[in-house]
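Enquirer: One structure coming up, written as structure tokens, with questions to follow.
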Amino acid sequence: GVSGVGAATAAIILSSMSGDELAAVINGGDVKRLKAIKGIGAKTAERIIVDLRDKIKPQDDTLLVRTRARNEACEEALAALVALGFDRKQSEKILDKIFEADPDIKVEAAMKKAFGMM
């Protein structure tokens with residue numbers, strides 16, 4: 001439903017984040033997070049937010065803040081693991097399990113757990 005965003009682009013966006021995360025990004029107006037996705041520029045990110053903001057019902061603010069904080073910690077841990085030479089897809093799967101089990105885990109602790117699971 002967004003001009004200039006086709007099925008392929010939508011699939012890339014949803015493979016980069018869950019539907020709940022995307023809703024939080026849109027409701028929060030987080031252009032930077034959308035721009036971080038391969039193939040999404042500033043104008044497209046802004047258009048997605050503007051076009052979909054009214055179609056997505058806001059959730060409890062506490063949940064949005066917690067999801068965003070977890071995503072930042074997870075992304076930081078993922079970037080560090082990839083920089084250390086670990087496979088990105090494997091690292092993503094492992095970090096998803098770690099953050100699902102403990103959403104409040106710190107980056108350093110998540111990385112230590114990930115090392116043990118690799």
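In the structure tokens, each chain is lettered A, B, ... as it comes, each chain's residues begin at 1, and ligands are numbered from 1 in order of appearance.
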Name the residues of chain A that come out as alpha helix (DSSP H) in a backbone DSSP run; write them as an MDAnalysis selection string.

Expert: chainID A and resid 7:16 19:28 31:35 42:53 61:83 88:101 107:117

Enquirer: Set the distance at 9 Å and use only C-alpha atoms: which residues neighbour A:Gly28 once local chain neighbours fewer than 3 positions away are removed? I'd like the list as a VMD selection string.

Expert: chain A and resid 23 to 25 31 49 53 64

Enquirer: Please list as a ChimeraX atom specification every residue within 8 Å of stretch 94-97 of chain A, counting only C-alpha atoms and excluding residues in the same chain fewer than 3 positions away.

Expert: /A:74,77-78,90-91,100-101,110,114,117-118

Enquirer: Pick the closest to A:Glu75 from A:Ala36, A:Val2, A:Leu52, A:Arg47: which is it, counting only C-alpha atoms?

Expert: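 Answer, going by the shortest atom-to-atom distance: A:Ala36.
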
Enquirer: From the options A:Gly4, A:Gly39, A:Met17, A:Ile26, which residue's atoms come nearest to A:Glu92, counting only C-alpha atoms?

Expert: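 For A:Glu92, the nearest of the given residues is A:Met17.
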
Enquirer: One decimal, in Å: what's the spacing between atom CA of A:Arg33 and atom CA of A:Ile98?

Expert: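 Separating atom CA of A:Arg33 from atom CA of A:Ile98 is a distance of 21.4 Å.
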
Enquirer: Pick out the closest residue to A:Lys112 from this set: A:Gly41, A:Glu21, A:Ala8, A:Ala80. Count only C-alpha atoms.

Expert: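 For A:Lys112, the nearest of the given residues is A:Ala80.
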